[in-house]
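What follows is the content of query-v3.cif, which has mmCIF, C-alpha atoms and all ligand atoms:
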```cif
data_target
loop_
_atom_site.label_atom_id
_atom_site.label_comp_id
_atom_site.auth_asym_id
_atom_site.auth_seq_id
_atom_site.Cartn_x
_atom_site.Cartn_y
_atom_site.Cartn_z
CA MET N 1 126.16 -92.61 207.60
CA LYS N 2 122.49 -92.60 208.27
CA ALA N 3 122.65 -88.97 209.31
CA ALA N 4 124.70 -88.15 206.19
CA LEU N 5 122.02 -89.70 203.97
CA GLU N 6 119.23 -87.82 205.73
CA LYS N 7 121.21 -84.60 205.36
CA ILE N 8 121.72 -85.19 201.60
CA LYS N 9 118.01 -85.84 201.13
CA GLU N 10 117.03 -82.70 203.05
CA THR N 11 119.49 -80.44 201.21
CA ALA N 12 118.71 -81.92 197.80
CA ILE N 13 114.98 -81.42 198.14
CA ALA N 14 115.38 -77.89 199.51
CA VAL N 15 117.68 -76.92 196.60
CA LEU N 16 115.41 -78.55 194.02
CA GLU N 17 112.43 -76.59 195.30
CA GLN N 18 114.35 -73.36 194.70
CA THR N 19 115.55 -74.29 191.22
CA THR N 20 113.58 -72.89 188.27
CA GLU N 21 115.85 -73.89 185.37
CA MET N 22 115.47 -77.30 183.71
CA LYS N 23 119.19 -77.33 182.97
CA ALA N 24 120.04 -76.67 186.65
CA ILE N 25 117.79 -79.55 187.72
CA GLU N 26 119.64 -81.92 185.37
CA ASP N 27 122.90 -80.73 186.94
CA LEU N 28 121.52 -81.53 190.40
CA ARG N 29 120.59 -85.03 189.25
CA VAL N 30 124.26 -85.59 188.35
CA LYS N 31 125.46 -83.96 191.58
CA TYR N 32 123.42 -86.29 193.81
CA LEU N 33 122.63 -89.43 191.84
CA GLY N 34 125.34 -89.57 189.18
CA LYS N 35 128.27 -92.03 189.11
CA LYS N 36 130.32 -89.56 191.10
CA GLY N 37 127.32 -88.21 192.97
CA GLU N 38 126.90 -87.81 196.72
CA VAL N 39 124.47 -90.71 197.26
CA THR N 40 126.63 -92.99 195.13
CA ALA N 41 129.65 -92.01 197.21
CA ILE N 42 127.85 -93.17 200.38
CA LEU N 43 126.82 -96.45 198.81
CA LYS N 44 130.46 -97.09 197.88
CA GLN N 45 131.38 -97.00 201.57
CA MET N 46 128.84 -99.71 202.48
CA GLY N 47 131.62 -102.34 202.41
CA SER N 48 132.89 -101.01 205.74
CA LEU N 49 129.54 -101.56 207.47
CA SER N 50 128.64 -104.49 209.66
CA ALA N 51 126.46 -107.26 208.19
CA GLU N 52 123.43 -106.15 210.14
CA ASP N 53 123.78 -102.40 209.37
CA ARG N 54 124.33 -102.97 205.65
CA PRO N 55 120.71 -103.77 204.62
CA ILE N 56 119.35 -100.93 206.79
CA ILE N 57 121.65 -98.33 205.29
CA GLY N 58 121.13 -99.91 201.84
CA GLN N 59 117.41 -99.53 202.16
CA LEU N 60 117.72 -95.96 203.43
CA ALA N 61 120.04 -95.08 200.55
CA ASN N 62 117.48 -96.44 198.06
CA GLU N 63 114.73 -94.43 199.76
CA VAL N 64 116.83 -91.25 199.57
CA ARG N 65 117.64 -91.96 195.92
CA ALA N 66 113.92 -92.53 195.14
CA ALA N 67 112.90 -89.39 197.03
CA ILE N 68 115.40 -87.20 195.17
CA GLU N 69 114.45 -88.87 191.85
CA GLY N 70 110.77 -88.21 192.64
CA GLU N 71 111.41 -84.59 193.50
CA ILE N 72 113.36 -84.09 190.24
CA THR N 73 110.49 -85.59 188.17
CA LYS N 74 107.96 -83.45 190.00
CA ARG N 75 109.97 -80.24 189.53
CA LEU N 76 110.51 -80.94 185.82
CA ALA N 77 106.78 -81.49 185.31
CA GLU N 78 105.96 -78.30 187.20
CA LEU N 79 108.42 -76.28 185.14
CA LYS N 80 107.09 -77.74 181.89
CA GLU N 81 103.56 -76.84 182.81
CA ALA N 82 104.55 -73.34 183.85
CA GLU N 83 106.37 -72.90 180.52
CA LEU N 84 103.29 -74.10 178.60
CA ASN N 85 100.99 -71.76 180.49
CA ARG N 86 103.32 -68.86 179.85
CA LYS N 87 103.31 -69.65 176.09
CA LEU N 88 99.53 -70.02 175.97
CA LYS N 89 99.16 -66.66 177.63
CA GLU N 90 101.65 -64.91 175.36
CA GLU N 91 100.64 -66.49 172.07
CA THR N 92 96.91 -66.05 172.29
CA LEU N 93 95.13 -66.84 169.03
CA ASP N 94 91.80 -65.08 168.64
CA VAL N 95 89.91 -67.05 166.02
CA THR N 96 87.26 -64.34 165.84
CA MET N 97 89.80 -61.77 164.60
CA PRO N 98 89.26 -60.77 160.94
CA GLY N 99 91.84 -62.24 158.55
CA THR N 100 94.19 -60.30 156.30
CA ARG N 101 92.28 -59.18 153.23
CA ARG N 102 94.11 -59.70 149.95
CA PRO N 103 92.69 -57.38 147.31
CA ILE N 104 91.57 -59.27 144.20
CA GLY N 105 91.74 -57.42 140.89
CA LYS N 106 89.05 -57.49 138.25
CA LYS N 107 88.58 -56.66 134.62
CA HIS N 108 88.71 -53.09 133.36
CA PRO N 109 85.28 -51.87 132.19
CA LEU N 110 86.62 -51.73 128.60
CA SER N 111 87.54 -55.42 128.81
CA GLN N 112 84.23 -56.33 130.44
CA VAL N 113 82.18 -54.78 127.64
CA LEU N 114 84.53 -56.09 124.95
CA ASP N 115 84.05 -59.60 126.32
CA GLU N 116 80.31 -59.10 126.13
CA VAL N 117 80.48 -57.90 122.50
CA LYS N 118 82.76 -60.81 121.54
CA GLU N 119 80.35 -63.24 123.20
CA ILE N 120 77.42 -61.89 121.15
CA PHE N 121 79.25 -62.25 117.82
CA LEU N 122 80.79 -65.62 118.68
CA GLY N 123 77.21 -66.76 119.32
CA MET N 124 76.33 -65.72 115.75
CA GLY N 125 79.18 -67.78 114.28
CA PHE N 126 81.85 -65.08 113.97
CA ASP N 127 85.56 -65.70 114.52
CA ILE N 128 87.92 -63.23 116.18
CA ALA N 129 90.73 -61.89 113.97
CA GLN N 130 93.70 -59.73 114.88
CA GLY N 131 96.16 -57.57 113.01
CA PRO N 132 99.19 -55.38 113.73
CA GLU N 133 98.84 -51.95 115.36
CA VAL N 134 101.90 -50.73 113.45
CA GLU N 135 100.53 -50.99 109.94
CA TYR N 136 101.42 -50.27 106.32
CA ASP N 137 99.80 -47.23 104.73
CA TYR N 138 98.61 -49.66 102.05
CA TYR N 139 96.46 -51.73 104.47
CA ASN N 140 95.25 -48.80 106.53
CA PHE N 141 94.26 -46.57 103.59
CA GLU N 142 94.98 -47.59 100.01
CA ALA N 143 93.49 -51.09 100.04
CA LEU N 144 90.42 -49.59 101.74
CA ASN N 145 89.85 -47.32 98.76
CA ILE N 146 91.45 -44.29 100.44
CA PRO N 147 94.29 -43.33 98.06
CA LYS N 148 96.88 -40.66 98.89
CA ASN N 149 95.28 -37.20 98.82
CA HIS N 150 91.81 -38.65 99.55
CA PRO N 151 89.96 -36.19 101.85
CA ALA N 152 89.08 -39.04 104.26
CA ARG N 153 92.75 -39.03 105.31
CA ASP N 154 92.32 -35.59 106.87
CA THR N 155 89.93 -36.90 109.51
CA GLN N 156 92.25 -39.80 110.28
CA ASP N 157 95.55 -38.08 110.88
CA THR N 158 97.83 -40.46 112.74
CA PHE N 159 101.39 -41.10 113.89
CA TYR N 160 103.77 -41.98 111.07
CA ILE N 161 106.82 -44.19 111.51
CA ASN N 162 107.85 -43.27 107.95
CA ASP N 163 106.02 -42.52 104.68
CA ASN N 164 104.71 -46.08 104.40
CA ILE N 165 104.35 -47.24 107.99
CA LEU N 166 102.00 -45.76 110.57
CA LEU N 167 99.98 -46.53 113.68
CA ARG N 168 96.66 -47.83 112.34
CA THR N 169 93.76 -45.37 112.52
CA GLN N 170 91.10 -48.07 112.39
CA THR N 171 90.74 -51.83 112.71
CA SER N 172 89.60 -52.02 109.05
CA PRO N 173 93.05 -53.09 107.75
CA VAL N 174 92.38 -56.42 109.48
CA GLN N 175 89.56 -56.92 106.94
CA ILE N 176 92.07 -56.64 104.10
CA ARG N 177 94.56 -58.98 105.77
CA VAL N 178 91.85 -61.57 106.41
CA MET N 179 90.48 -61.37 102.84
CA GLU N 180 94.00 -61.76 101.44
CA GLN N 181 94.57 -64.93 103.40
CA GLN N 182 91.15 -66.52 103.54
CA LYS N 183 88.61 -67.18 100.84
CA PRO N 184 84.89 -66.71 101.57
CA PRO N 185 82.83 -67.53 103.51
CA ILE N 186 84.37 -65.03 105.94
CA ARG N 187 82.73 -64.04 109.19
CA ILE N 188 85.03 -62.20 111.61
CA ILE N 189 85.19 -59.45 114.17
CA ALA N 190 88.48 -57.64 114.79
CA PRO N 191 88.73 -55.80 118.08
CA GLY N 192 91.83 -53.75 118.86
CA ARG N 193 93.67 -50.55 119.65
CA VAL N 194 93.74 -47.74 117.09
CA TYR N 195 95.47 -44.35 117.02
CA ARG N 196 94.76 -40.83 115.80
CA SER N 197 96.76 -37.68 116.41
CA ASP N 198 93.92 -36.12 118.39
CA ALA N 199 94.41 -33.92 121.43
CA VAL N 200 93.13 -35.46 124.67
CA ASP N 201 89.76 -34.17 125.87
CA ALA N 202 86.56 -35.60 127.36
CA THR N 203 85.59 -37.39 124.13
CA HIS N 204 88.93 -37.77 122.29
CA SER N 205 92.06 -39.77 122.94
CA PRO N 206 95.04 -40.47 120.68
CA LEU N 207 94.53 -44.13 121.58
CA PHE N 208 91.17 -45.84 121.62
CA HIS N 209 89.55 -49.15 120.67
CA GLN N 210 87.48 -50.23 117.72
CA ILE N 211 85.61 -53.41 116.94
CA GLU N 212 85.42 -54.17 113.26
CA GLY N 213 83.20 -56.78 111.65
CA LEU N 214 83.27 -58.38 108.21
CA VAL N 215 81.08 -60.91 106.45
CA VAL N 216 81.77 -62.06 102.88
CA ASP N 217 79.93 -64.85 101.11
CA LYS N 218 77.72 -65.57 98.11
CA GLY N 219 74.42 -63.70 98.16
CA ILE N 220 75.07 -61.43 101.18
CA THR N 221 72.72 -58.42 101.06
CA MET N 222 71.85 -55.30 103.02
CA ALA N 223 69.16 -57.40 104.73
CA ASP N 224 71.88 -59.59 106.30
CA LEU N 225 73.67 -56.48 107.52
CA LYS N 226 70.50 -55.04 109.06
CA GLY N 227 69.46 -58.33 110.64
CA THR N 228 72.91 -59.01 112.15
CA LEU N 229 73.32 -55.52 113.58
CA GLU N 230 69.76 -55.41 114.94
CA ILE N 231 70.33 -58.69 116.78
CA PHE N 232 73.62 -57.33 118.09
CA ALA N 233 71.95 -54.12 119.36
CA LYS N 234 69.15 -56.07 121.06
CA ARG N 235 71.62 -58.44 122.77
CA LEU N 236 73.73 -55.51 123.98
CA TYR N 237 71.00 -53.04 124.98
CA GLY N 238 67.93 -55.24 125.54
CA ASP N 239 65.17 -56.84 123.47
CA ASP N 240 63.12 -53.66 123.16
CA THR N 241 65.96 -51.78 121.41
CA VAL N 242 64.87 -49.95 118.25
CA CYS N 243 67.46 -49.41 115.49
CA ARG N 244 67.60 -46.77 112.78
CA PHE N 245 69.80 -46.92 109.67
CA ARG N 246 70.84 -43.55 108.23
CA PRO N 247 72.53 -43.20 104.83
CA HIS N 248 76.19 -42.21 105.20
CA HIS N 249 79.44 -42.32 103.29
CA PHE N 250 82.53 -44.43 103.86
CA PRO N 251 85.12 -44.91 101.11
CA PHE N 252 85.27 -48.69 101.63
CA THR N 253 81.54 -49.48 101.67
CA GLU N 254 78.75 -48.83 99.18
CA PRO N 255 76.00 -48.21 100.20
CA SER N 256 77.01 -47.06 103.68
CA ALA N 257 74.94 -46.37 106.77
CA GLU N 258 75.24 -45.15 110.30
CA VAL N 259 73.27 -47.12 112.83
CA ASP N 260 71.47 -45.43 115.72
CA VAL N 261 69.54 -46.95 118.59
CA MET N 262 66.59 -45.19 120.16
CA CYS N 263 67.80 -43.54 123.36
CA PHE N 264 67.25 -46.03 126.17
CA ALA N 265 67.02 -43.24 128.74
CA CYS N 266 64.21 -41.18 127.16
CA HIS N 267 62.83 -43.59 124.51
CA GLY N 268 63.07 -41.03 121.71
CA GLU N 269 61.83 -38.00 123.62
CA GLY N 270 65.23 -36.33 123.85
CA CYS N 271 67.37 -36.02 126.99
CA ARG N 272 70.87 -35.18 128.21
CA LEU N 273 72.28 -38.61 127.31
CA CYS N 274 71.19 -38.36 123.65
CA LYS N 275 71.78 -34.59 123.56
CA GLY N 276 68.11 -34.02 122.78
CA GLU N 277 68.22 -36.19 119.65
CA GLY N 278 66.20 -39.16 120.92
CA TRP N 279 68.68 -41.42 119.09
CA ILE N 280 72.23 -42.48 119.81
CA GLU N 281 74.72 -43.41 117.07
CA ILE N 282 76.36 -46.76 117.84
CA LEU N 283 78.22 -47.77 114.70
CA GLY N 284 79.01 -47.31 111.03
CA ALA N 285 78.36 -50.03 108.46
CA GLY N 286 77.84 -50.79 104.81
CA MET N 287 78.19 -53.25 101.95
CA VAL N 288 81.87 -53.89 101.18
CA HIS N 289 82.87 -51.78 98.17
CA PRO N 290 83.41 -53.98 95.07
CA LYS N 291 86.78 -52.26 94.58
CA VAL N 292 87.92 -53.45 98.02
CA LEU N 293 86.88 -57.03 97.22
CA SER N 294 88.79 -56.86 93.90
CA ILE N 295 91.92 -55.49 95.59
CA CYS N 296 91.87 -58.55 97.88
CA GLY N 297 91.42 -60.96 94.98
CA ILE N 298 87.76 -61.72 95.65
CA ASP N 299 85.47 -61.55 92.60
CA PRO N 300 82.75 -58.96 93.36
CA GLU N 301 80.54 -60.57 90.69
CA GLU N 302 80.49 -63.81 92.69
CA TYR N 303 80.75 -62.58 96.28
CA SER N 304 79.36 -59.72 98.29
CA GLY N 305 79.74 -58.73 101.92
CA PHE N 306 79.10 -56.23 104.63
CA ALA N 307 81.34 -54.56 107.18
CA PHE N 308 80.78 -52.54 110.31
CA GLY N 309 82.87 -50.76 112.90
CA MET N 310 82.23 -49.32 116.34
CA GLY N 311 84.12 -47.52 119.06
CA LEU N 312 84.43 -49.51 122.27
CA GLU N 313 84.90 -46.46 124.53
CA ARG N 314 81.60 -44.92 123.44
CA ILE N 315 79.70 -48.13 124.19
CA VAL N 316 81.32 -48.36 127.63
CA MET N 317 80.74 -44.67 128.43
CA ARG N 318 77.08 -44.94 127.53
CA ARG N 319 76.66 -48.21 129.40
CA TYR N 320 78.04 -46.82 132.66
CA ASN N 321 77.07 -43.18 132.20
CA ILE N 322 80.71 -42.02 132.10
CA ASP N 323 81.04 -38.49 130.75
CA ASP N 324 84.82 -38.26 130.37
CA MET N 325 86.84 -40.71 128.27
CA ARG N 326 90.04 -39.86 130.13
CA LEU N 327 88.74 -41.73 133.18
CA LEU N 328 89.00 -44.97 131.19
CA PHE N 329 92.74 -44.51 130.65
CA GLU N 330 93.88 -42.96 133.92
CA ASN N 331 93.59 -46.28 135.76
CA ASP N 332 92.62 -44.62 139.02
CA LEU N 333 91.50 -47.49 141.26
CA ARG N 334 88.90 -45.30 143.00
CA PHE N 335 87.19 -45.00 139.63
CA LEU N 336 87.75 -48.55 138.34
CA LYS N 337 86.58 -50.21 141.57
CA GLN N 338 83.00 -49.14 140.78
CA PHE N 339 82.57 -51.51 137.86
ZN ZN Z 1 67.57 -39.61 125.40
#
```
Turn this file's structure into structure tokens for me.
Ligand SMILES: [Zn+2]
Amino acid sequence: MKAALEKIKETAIAVLEQTTEMKAIEDLRVKYLGKKGEVTAILKQMGSLSAEDRPIIGQLANEVRAAIEGEITKRLAELKEAELNRKLKEETLDVTMPGTRRPIGKKHPLSQVLDEVKEIFLGMGFDIAQGPEVEYDYYNFEALNIPKNHPARDTQDTFYINDNILLRTQTSPVQIRVMEQQKPPIRIIAPGRVYRSDAVDATHSPLFHQIEGLVVDKGITMADLKGTLEIFAKRLYGDDTVCRFRPHHFPFTEPSAEVDVMCFACHGEGCRLCKGEGWIEILGAGMVHPKVLSICGIDPEEYSGFAFGMGLERIVMRRYNIDDMRLLFENDLRFLKQF
């Protein structure tokens, strides 16, 4: 019996040393130490031993059991460590590796400059007004003192939905809509998309953006117009900006003017940017025509006002020295990423 126990111990330990699967080791535990295991089977025969042999064999059996148990624990620990080392080696994490870059978008240059313009006028107490891009002929032309057959319509050919509905050619109809709904004092700017049936080239697009402004109150004069627009030009182009007001004609303002700023590249000398003029036109403006005020139900004897309008694309192109308007609409990321 003693020899049998020694034999079990020897075999068990030899087998355990060869085993590399955790599951197989658990099976061996059952095979040797389980209820129907080999060591247990020996212990069950102890009843047949003499009184003096019993404790000796008992003790030996416990030693064998402990030895096998110890070997199992040792092998399991070894296998666990080997498994951990294997994982550490395979799943190396290099904290110095660069992370995955997620590209972050940013505002289109048109939106950037529009935000800047809005900020300047909001700072002077203006509100922002909006109107529909699909507009009635009445708001786009007639209420702005441009009746059917008026020559000004030729320069503003647009896309017609039907005889009375069109894509607006200017943001000026917003002036009419605001004056119809709101009594003076009025102080608004109206930025938005406008349309003309122009062929696409470096300086024309059938879709572009305008920013319209309107002030109506008691006692508004040309001096208010000049002061407001000069402050605007200085905020946009710098404090040393010089403005020039040239007489002009618009059907919906009287008197009307075009506003130039002295070329910031050559300071009036003449260069490529200003096409040798020394001045750059930035917007059109004028005192709101009394007829337009009357059409909107505002008494021109009591109130007066001024209005102005500018093209956003031209401001952006000049700001960033862009020579082709098409670049602003193509949405080529290689181009847009520069701003
Ligand atoms: Zn110049």
8 Å contact set for stretch 179-195 of chain N, all atoms listed in the file, chain neighbours under 6 positions out, as an mmCIF file with C-alpha atoms, in the frame of the given file:
```
data_model
loop_
_atom_site.group_PDB
_atom_site.id
_atom_site.type_symbol
_atom_site.label_atom_id
_atom_site.label_comp_id
_atom_site.auth_asym_id
_atom_site.auth_seq_id
_atom_site.Cartn_x
_atom_site.Cartn_y
_atom_site.Cartn_z
ATOM 1 C CA LYS N 118 82.760 -60.810 121.540
ATOM 2 C CA PHE N 121 79.250 -62.250 117.820
ATOM 3 C CA GLY N 125 79.180 -67.780 114.280
ATOM 4 C CA PHE N 126 81.850 -65.080 113.970
ATOM 5 C CA ASP N 127 85.560 -65.700 114.520
ATOM 6 C CA ILE N 128 87.920 -63.230 116.180
ATOM 7 C CA ALA N 129 90.730 -61.890 113.970
ATOM 8 C CA GLN N 130 93.700 -59.730 114.880
ATOM 9 C CA GLY N 131 96.160 -57.570 113.010
ATOM 10 C CA GLU N 133 98.840 -51.950 115.360
ATOM 11 C CA THR N 158 97.830 -40.460 112.740
ATOM 12 C CA PHE N 159 101.390 -41.100 113.890
ATOM 13 C CA LEU N 167 99.980 -46.530 113.680
ATOM 14 C CA ARG N 168 96.660 -47.830 112.340
ATOM 15 C CA THR N 169 93.760 -45.370 112.520
ATOM 16 C CA GLN N 170 91.100 -48.070 112.390
ATOM 17 C CA THR N 171 90.740 -51.830 112.710
ATOM 18 C CA PRO N 206 95.040 -40.470 120.680
ATOM 19 C CA LEU N 207 94.530 -44.130 121.580
ATOM 20 C CA PHE N 208 91.170 -45.840 121.620
ATOM 21 C CA HIS N 209 89.550 -49.150 120.670
ATOM 22 C CA GLN N 210 87.480 -50.230 117.720
ATOM 23 C CA ILE N 211 85.610 -53.410 116.940
ATOM 24 C CA GLU N 212 85.420 -54.170 113.260
ATOM 25 C CA GLY N 213 83.200 -56.780 111.650
ATOM 26 C CA LEU N 214 83.270 -58.380 108.210
ATOM 27 C CA VAL N 215 81.080 -60.910 106.450
ATOM 28 C CA VAL N 216 81.770 -62.060 102.880
ATOM 29 C CA ASP N 217 79.930 -64.850 101.110
ATOM 30 C CA LYS N 218 77.720 -65.570 98.110
ATOM 31 C CA LEU N 293 86.880 -57.030 97.220
ATOM 32 C CA CYS N 296 91.870 -58.550 97.880
ATOM 33 C CA GLY N 297 91.420 -60.960 94.980
ATOM 34 C CA ILE N 298 87.760 -61.720 95.650
ATOM 35 C CA TYR N 303 80.750 -62.580 96.280
#
```
If you take all atoms listed in the file and a cut-off of 10 Å, which residues of chain N touch ligand ZN 1 (chain Z), and what are their nearest atom pairs and distances in Å to one decimal, in chain and number order, as a tab-separated table?
```
residue	atom	partner	partner_atom	distance
N:Met262	CA	Z:ZN1	ZN	7.7
N:Cys263	CA	Z:ZN1	ZN	4.4
N:Phe264	CA	Z:ZN1	ZN	6.5
N:Ala265	CA	Z:ZN1	ZN	5.0
N:Cys266	CA	Z:ZN1	ZN	4.1
N:His267	CA	Z:ZN1	ZN	6.3
N:Gly268	CA	Z:ZN1	ZN	6.0
N:Glu269	CA	Z:ZN1	ZN	6.2
N:Gly270	CA	Z:ZN1	ZN	4.3
N:Cys271	CA	Z:ZN1	ZN	3.9
N:Arg272	CA	Z:ZN1	ZN	6.2
N:Leu273	CA	Z:ZN1	ZN	5.2
N:Cys274	CA	Z:ZN1	ZN	4.2
N:Lys275	CA	Z:ZN1	ZN	6.8
N:Gly276	CA	Z:ZN1	ZN	6.2
N:Glu277	CA	Z:ZN1	ZN	6.7
N:Gly278	CA	Z:ZN1	ZN	4.7
N:Trp279	CA	Z:ZN1	ZN	6.7
N:Ile280	CA	Z:ZN1	ZN	7.8
```
Selected residues written out, C-alpha atoms, as a PDB file, in the coordinates of the input:
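Written output follows (again22.pdb):
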```
ATOM      1  CA  MET N 262      66.590 -45.190 120.160  1.00  0.00           C
ATOM      2  CA  CYS N 263      67.800 -43.540 123.360  1.00  0.00           C
ATOM      3  CA  PHE N 264      67.250 -46.030 126.170  1.00  0.00           C
ATOM      4  CA  ALA N 265      67.020 -43.240 128.740  1.00  0.00           C
ATOM      5  CA  CYS N 266      64.210 -41.180 127.160  1.00  0.00           C
ATOM      6  CA  HIS N 267      62.830 -43.590 124.510  1.00  0.00           C
ATOM      7  CA  GLY N 268      63.070 -41.030 121.710  1.00  0.00           C
ATOM      8  CA  GLU N 269      61.830 -38.000 123.620  1.00  0.00           C
ATOM      9  CA  GLY N 270      65.230 -36.330 123.850  1.00  0.00           C
ATOM     10  CA  CYS N 271      67.370 -36.020 126.990  1.00  0.00           C
ATOM     11  CA  ARG N 272      70.870 -35.180 128.210  1.00  0.00           C
ATOM     12  CA  LEU N 273      72.280 -38.610 127.310  1.00  0.00           C
ATOM     13  CA  CYS N 274      71.190 -38.360 123.650  1.00  0.00           C
ATOM     14  CA  LYS N 275      71.780 -34.590 123.560  1.00  0.00           C
ATOM     15  CA  GLY N 276      68.110 -34.020 122.780  1.00  0.00           C
ATOM     16  CA  GLU N 277      68.220 -36.190 119.650  1.00  0.00           C
ATOM     17  CA  GLY N 278      66.200 -39.160 120.920  1.00  0.00           C
ATOM     18  CA  TRP N 279      68.680 -41.420 119.090  1.00  0.00           C
ATOM     19  CA  ILE N 280      72.230 -42.480 119.810  1.00  0.00           C
TER      20      ILE N 280
END
```
Nearest to N:Arg54, chosen from N:Val39, N:Arg314, N:Leu283, N:Lys2, with all atoms listed in the file counted in the distances: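 Checking each candidate against N:Arg54, we get N:Lys2 as the closest.
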Emit as JSON the padded axis-aligned box for all listed atoms of stretch 42-52 of chain N, 8 Å per side, with centre and edge lengths in Å to one decimal.
```
{"center_x": 128.2, "center_y": -100.2, "center_z": 204.0, "size_x": 25.5, "size_y": 30.1, "size_z": 28.3}
```
Point-to-point distance in Å for atom CA of N:Asp240 and atom CA of N:Gly311: 22.3 Å
Coordinates-based distance that separates atom CA of N:Arg75 from atom CA of N:Ile8 (Å, one decimal): 17.6 Å
Contact residues around stretch 328-335 of chain N with only C-alpha atoms at 12 Å, ignoring same-chain residues under 2 positions, as an NGL selection string: :N and (103 or 105-111 or 200-209 or 312-314 or 316-317 or 320 or 322-326 or 337-339)
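Comparing N:Pro147, N:Pro55, N:Pro173, N:Gly309 by their smallest distance to N:Glu281, the closest is N:Gly309 (using only C-alpha atoms).
For the atom pair formed by atom CA of N:Glu38 and atom CA of N:Arg65, the distance is 10.2 Å, given to one decimal.
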N:Gln18: which residues within 12 Å, counting all atoms listed in the file, same-chain residues fewer than 5 positions away excluded, as an mmCIF file with C-alpha atoms, keeping the file's coordinate frame?
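Dumped everything to selection03.cif:
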```
data_model
loop_
_atom_site.group_PDB
_atom_site.id
_atom_site.type_symbol
_atom_site.label_atom_id
_atom_site.label_comp_id
_atom_site.auth_asym_id
_atom_site.auth_seq_id
_atom_site.Cartn_x
_atom_site.Cartn_y
_atom_site.Cartn_z
ATOM 1 C CA THR N 11 119.490 -80.440 201.210
ATOM 2 C CA ALA N 12 118.710 -81.920 197.800
ATOM 3 C CA ILE N 13 114.980 -81.420 198.140
ATOM 4 C CA ALA N 24 120.040 -76.670 186.650
ATOM 5 C CA ILE N 25 117.790 -79.550 187.720
ATOM 6 C CA LEU N 28 121.520 -81.530 190.400
ATOM 7 C CA GLU N 71 111.410 -84.590 193.500
ATOM 8 C CA ILE N 72 113.360 -84.090 190.240
ATOM 9 C CA ARG N 75 109.970 -80.240 189.530
ATOM 10 C CA LEU N 79 108.420 -76.280 185.140
#
```
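Using only C-alpha atoms for every distance, the candidate list N:Leu166, N:Leu336, N:Leu16, N:Leu225 yields N:Leu16 as the residue closest to N:Glu69.
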Residues near N:Phe252, cut-off 10 Å, only C-alpha atoms, skip fewer than 5 positions along chain, as a list in words: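 So the residues in contact are Phe141, Glu142, Ala143, Leu144, Asn145, Ile146, Ser172, Ala285, Gly286, Met287, Val288, His289, Pro290, Lys291, Val292, Leu293 and Ala307 of chain N.
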N:Leu76, N:Asn162, N:Gly47, N:Pro251 ranked by distance to N:Thr20, top pick (using only C-alpha atoms): N:Leu76
